[in-house]
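S.K.: My questions will all concern the structure given below.
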Amino acid sequence: MVMKLLAKTAEDRYQSALGLKADLETCFDQLQGSGKIANFIPGKLDKFGQFLIPQKLYGREAEVAQLLEAFERVVGNSQSKIELMLVSGYSGIGKTSVVNEIHKPIVRQRGYFIAGKFDQFKRNIPYAALIQAFQELMRQLLTENSENIGIWKEKLLEAFGQNGQVIIDVIPEVELIVGKQPAVPTIGSSESPNRFNRLFQKFIQVFTQKEHPLVLFLDDLQWVDSASLKLIQLLMTDADCKYLLMIGADRDNEVNPAHPTIQTIDKIKQSGALVNNIIL
Ligand SMILES: Nc1ncnc2c1ncn2[C@@H]1O[C@H](COP(=O)(O)OP(=O)(O)OP(=O)(O)O)[C@@H](O)[C@H]1O
Ligand SMILES: [Mg+2]
């Protein structure tokens, strides 16, 4: 009964509290009668009077395998330790769903899987999807034990030096791990994106390590902002960055060759970085 309650897809779980109650009553009656519970199939009396659309994904085994192969390339013995995998297709074709399928297998292999999506109406907020993804990562880290959190703190402080506040200004959750940081000198608005990007590179490298590779899923790239594109390009062409699989999803019906995303991807390809594409 517990396994049924925990089933991965919603349609395999109990559909109503009454169904669960009926099974509990079966257990109770048997316990009272004979002192033990004989095997029975749970959910026999579970009925739900509504038409449900199943959550299960159909016919995407090949694409899921391709995504996991990309992860294997990044962690395995191959030359390339960093890869950009693009998942493209018409709106609603199932891009987000297929990428989310690899979440569990990645975590099982001690990888971190984080995701953020760009928003049509938040294009004026730089780094929106990256911020969302790393907020999630900070929350994941905070669920680890205090010894581990202490280790993360040490590693992050070493990467930041005196400049941790630059990252905290953008991703406030980082402060929960490293604590209050000294104020940083203000610099010109033309220089400050560079300072942020340089520090972000060091920040992400704390998490992209052989023992815990990072999968960063950036959804809805058709709505990416230009600051994020610059940072993505920087990360993907950084020779020091390893054990990183970046997955980007985009509606290919909304991006033409002149779209800044396509231009950035071309530049990343030209730099020799591994870029692959799954078209749904
Ligand atoms: N292979 C599949 N089998 C069953 N249902 C699917 C499959 N692929 C997608 N769906 C369902 O179709 C809907 C749309 O999928 P999803 O949101 O992943 O599309 P998308 O390509 O990311 O869309 P968008 O371009 O709007 O971001 C979801 O409800 C999802 O559960
Ligand atoms: Mg989507």
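By convention here, the chains of the structure tokens are called A, B, ... in the order presented, each chain's residues are numbered starting at 1, and ligands are numbered starting at 1 in the order presented.
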Which neighbours of Arg195 in chain A fall inside 10 Å, counting only C-alpha atoms, when residues of the same chain fewer than 4 positions from it are skipped, and could you give them as an MDAnalysis selection string?
M.R.: chainID A and resid 163 166:167 187 190:191 199:200
S.K.: Produce a file of the selected residues containing all heavy atoms, as a PDB file, in the first residue's frame.
M.R.:
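Result saved to result-v6.pdb:
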```
ATOM      1  N   ASN A 163      34.747  38.264  -2.860  1.00  0.00           N
ATOM      2  CA  ASN A 163      33.707  38.794  -3.759  1.00  0.00           C
ATOM      3  C   ASN A 163      32.376  38.047  -3.710  1.00  0.00           C
ATOM      4  O   ASN A 163      31.554  38.170  -4.622  1.00  0.00           O
ATOM      5  CB  ASN A 163      34.228  38.803  -5.200  1.00  0.00           C
ATOM      6  CG  ASN A 163      35.380  39.772  -5.354  1.00  0.00           C
ATOM      7  OD1 ASN A 163      35.316  40.901  -4.869  1.00  0.00           O
ATOM      8  ND2 ASN A 163      36.439  39.327  -5.997  1.00  0.00           N
ATOM      9  N   VAL A 166      28.937  39.525  -4.735  1.00  0.00           N
ATOM     10  CA  VAL A 166      28.559  39.699  -6.148  1.00  0.00           C
ATOM     11  C   VAL A 166      27.556  38.614  -6.555  1.00  0.00           C
ATOM     12  O   VAL A 166      26.574  38.889  -7.248  1.00  0.00           O
ATOM     13  CB  VAL A 166      29.821  39.636  -7.050  1.00  0.00           C
ATOM     14  CG1 VAL A 166      29.445  39.631  -8.517  1.00  0.00           C
ATOM     15  CG2 VAL A 166      30.746  40.796  -6.735  1.00  0.00           C
ATOM     16  N   ILE A 167      27.793  37.399  -6.099  1.00  0.00           N
ATOM     17  CA  ILE A 167      26.872  36.296  -6.412  1.00  0.00           C
ATOM     18  C   ILE A 167      25.612  36.404  -5.542  1.00  0.00           C
ATOM     19  O   ILE A 167      24.493  36.216  -6.021  1.00  0.00           O
ATOM     20  CB  ILE A 167      27.570  34.931  -6.203  1.00  0.00           C
ATOM     21  CG1 ILE A 167      28.758  34.778  -7.165  1.00  0.00           C
ATOM     22  CG2 ILE A 167      26.590  33.772  -6.378  1.00  0.00           C
ATOM     23  CD1 ILE A 167      28.400  34.602  -8.623  1.00  0.00           C
ATOM     24  N   ILE A 187      31.571  49.111  -9.100  1.00  0.00           N
ATOM     25  CA  ILE A 187      32.345  49.420 -10.308  1.00  0.00           C
ATOM     26  C   ILE A 187      31.392  49.852 -11.396  1.00  0.00           C
ATOM     27  O   ILE A 187      30.171  49.742 -11.246  1.00  0.00           O
ATOM     28  CB  ILE A 187      33.181  48.195 -10.769  1.00  0.00           C
ATOM     29  CG1 ILE A 187      32.290  46.958 -10.866  1.00  0.00           C
ATOM     30  CG2 ILE A 187      34.337  47.951  -9.833  1.00  0.00           C
ATOM     31  CD1 ILE A 187      32.973  45.772 -11.473  1.00  0.00           C
ATOM     32  N   SER A 190      29.530  49.031 -17.021  1.00  0.00           N
ATOM     33  CA  SER A 190      30.025  48.247 -18.149  1.00  0.00           C
ATOM     34  C   SER A 190      30.924  47.116 -17.654  1.00  0.00           C
ATOM     35  O   SER A 190      31.037  46.076 -18.288  1.00  0.00           O
ATOM     36  CB  SER A 190      30.784  49.137 -19.134  1.00  0.00           C
ATOM     37  OG  SER A 190      31.885  49.719 -18.477  1.00  0.00           O
ATOM     38  N   GLU A 191      31.568  47.319 -16.512  1.00  0.00           N
ATOM     39  CA  GLU A 191      32.471  46.308 -15.969  1.00  0.00           C
ATOM     40  C   GLU A 191      31.740  45.245 -15.144  1.00  0.00           C
ATOM     41  O   GLU A 191      32.197  44.119 -15.031  1.00  0.00           O
ATOM     42  CB  GLU A 191      33.538  46.987 -15.091  1.00  0.00           C
ATOM     43  CG  GLU A 191      34.922  47.019 -15.714  1.00  0.00           C
ATOM     44  CD  GLU A 191      35.409  45.633 -16.156  1.00  0.00           C
ATOM     45  OE1 GLU A 191      35.526  44.776 -15.275  1.00  0.00           O
ATOM     46  OE2 GLU A 191      35.635  45.423 -17.361  1.00  0.00           O
ATOM     47  N   LEU A 199      33.095  35.556 -11.755  1.00  0.00           N
ATOM     48  CA  LEU A 199      32.844  34.917 -10.465  1.00  0.00           C
ATOM     49  C   LEU A 199      31.884  33.731 -10.612  1.00  0.00           C
ATOM     50  O   LEU A 199      32.022  32.718  -9.934  1.00  0.00           O
ATOM     51  CB  LEU A 199      32.274  35.945  -9.479  1.00  0.00           C
ATOM     52  CG  LEU A 199      32.711  35.688  -8.051  1.00  0.00           C
ATOM     53  CD1 LEU A 199      34.220  35.748  -7.943  1.00  0.00           C
ATOM     54  CD2 LEU A 199      32.077  36.683  -7.109  1.00  0.00           C
ATOM     55  N   PHE A 200      30.929  33.888 -11.528  1.00  0.00           N
ATOM     56  CA  PHE A 200      29.971  32.800 -11.745  1.00  0.00           C
ATOM     57  C   PHE A 200      30.693  31.560 -12.273  1.00  0.00           C
ATOM     58  O   PHE A 200      30.339  30.435 -11.914  1.00  0.00           O
ATOM     59  CB  PHE A 200      28.864  33.245 -12.703  1.00  0.00           C
ATOM     60  CG  PHE A 200      27.698  32.306 -12.712  1.00  0.00           C
ATOM     61  CD1 PHE A 200      26.656  32.457 -11.814  1.00  0.00           C
ATOM     62  CD2 PHE A 200      27.650  31.247 -13.608  1.00  0.00           C
ATOM     63  CE1 PHE A 200      25.592  31.574 -11.799  1.00  0.00           C
ATOM     64  CE2 PHE A 200      26.586  30.362 -13.608  1.00  0.00           C
ATOM     65  CZ  PHE A 200      25.556  30.520 -12.706  1.00  0.00           C
TER      66      PHE A 200
END
```
S.K.: List as a list in words the protein and nucleic acid residues near Val206 in chain A, meaning an atom at most 12 Å away when only C-alpha atoms are counted, but skip any in the same chain fewer than 3 places from it.
M.R.: Tyr112, Leu137, Ile151, Trp152, Lys153, Glu154, Lys155, Leu156, Leu157, Glu158, Ala159, Phe160, Leu199, Phe200, Gln201, Lys202, Phe203, Gln209, Lys210, Glu211, His212, Pro213, Leu214, Asp240, Cys241, Lys242, Tyr243 and Leu244 of chain A
S.K.: Pick from A:Lys180, A:His103, A:Lys21, A:Arg251: nearest to ligand 1, with only C-alpha atoms and all ligand atoms counted?
M.R.: A:Arg251
S.K.: Asn39 in chain A: which residues within 12 Å, counting only C-alpha atoms, same-chain residues fewer than 4 positions away excluded, as a PyMOL selection string?
M.R.: chain A and resi 1+23+26-27+30
S.K.: What are the closest atom pairs, with distances in Å to one decimal, for each residue of chain A lying within 10 Å of ligand 2, using only C-alpha atoms and all ligand atoms, rows by chain and rising residue number, as a tab-separated table?
M.R.:
```
residue	atom	partner	partner_atom_place_in_ligand_line	distance
A:Ser88	CA	ligand 2	1 (Mg)	9.9
A:Gly89	CA	ligand 2	1 (Mg)	9.7
A:Tyr90	CA	ligand 2	1 (Mg)	9.7
A:Ser91	CA	ligand 2	1 (Mg)	7.2
A:Gly92	CA	ligand 2	1 (Mg)	6.6
A:Ile93	CA	ligand 2	1 (Mg)	8.3
A:Gly94	CA	ligand 2	1 (Mg)	6.7
A:Lys95	CA	ligand 2	1 (Mg)	5.4
A:Thr96	CA	ligand 2	1 (Mg)	4.1
A:Ser97	CA	ligand 2	1 (Mg)	7.2
A:Val98	CA	ligand 2	1 (Mg)	9.4
A:Val99	CA	ligand 2	1 (Mg)	9.4
A:Lys117	CA	ligand 2	1 (Mg)	8.4
A:Asp219	CA	ligand 2	1 (Mg)	6.4
A:Asp220	CA	ligand 2	1 (Mg)	6.3
A:Leu221	CA	ligand 2	1 (Mg)	9.8
A:Ala249	CA	ligand 2	1 (Mg)	7.3
A:Asp250	CA	ligand 2	1 (Mg)	7.9
A:Arg251	CA	ligand 2	1 (Mg)	8.3
```
S.K.: Smallest atom-to-atom distance to ligand 1: which of A:Phe118, A:Tyr14, A:Phe113, A:Phe28, using only C-alpha atoms and all ligand atoms?
M.R.: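 When distances to ligand 1 are compared using only C-alpha atoms and all ligand atoms, the smallest one comes from A:Phe118.
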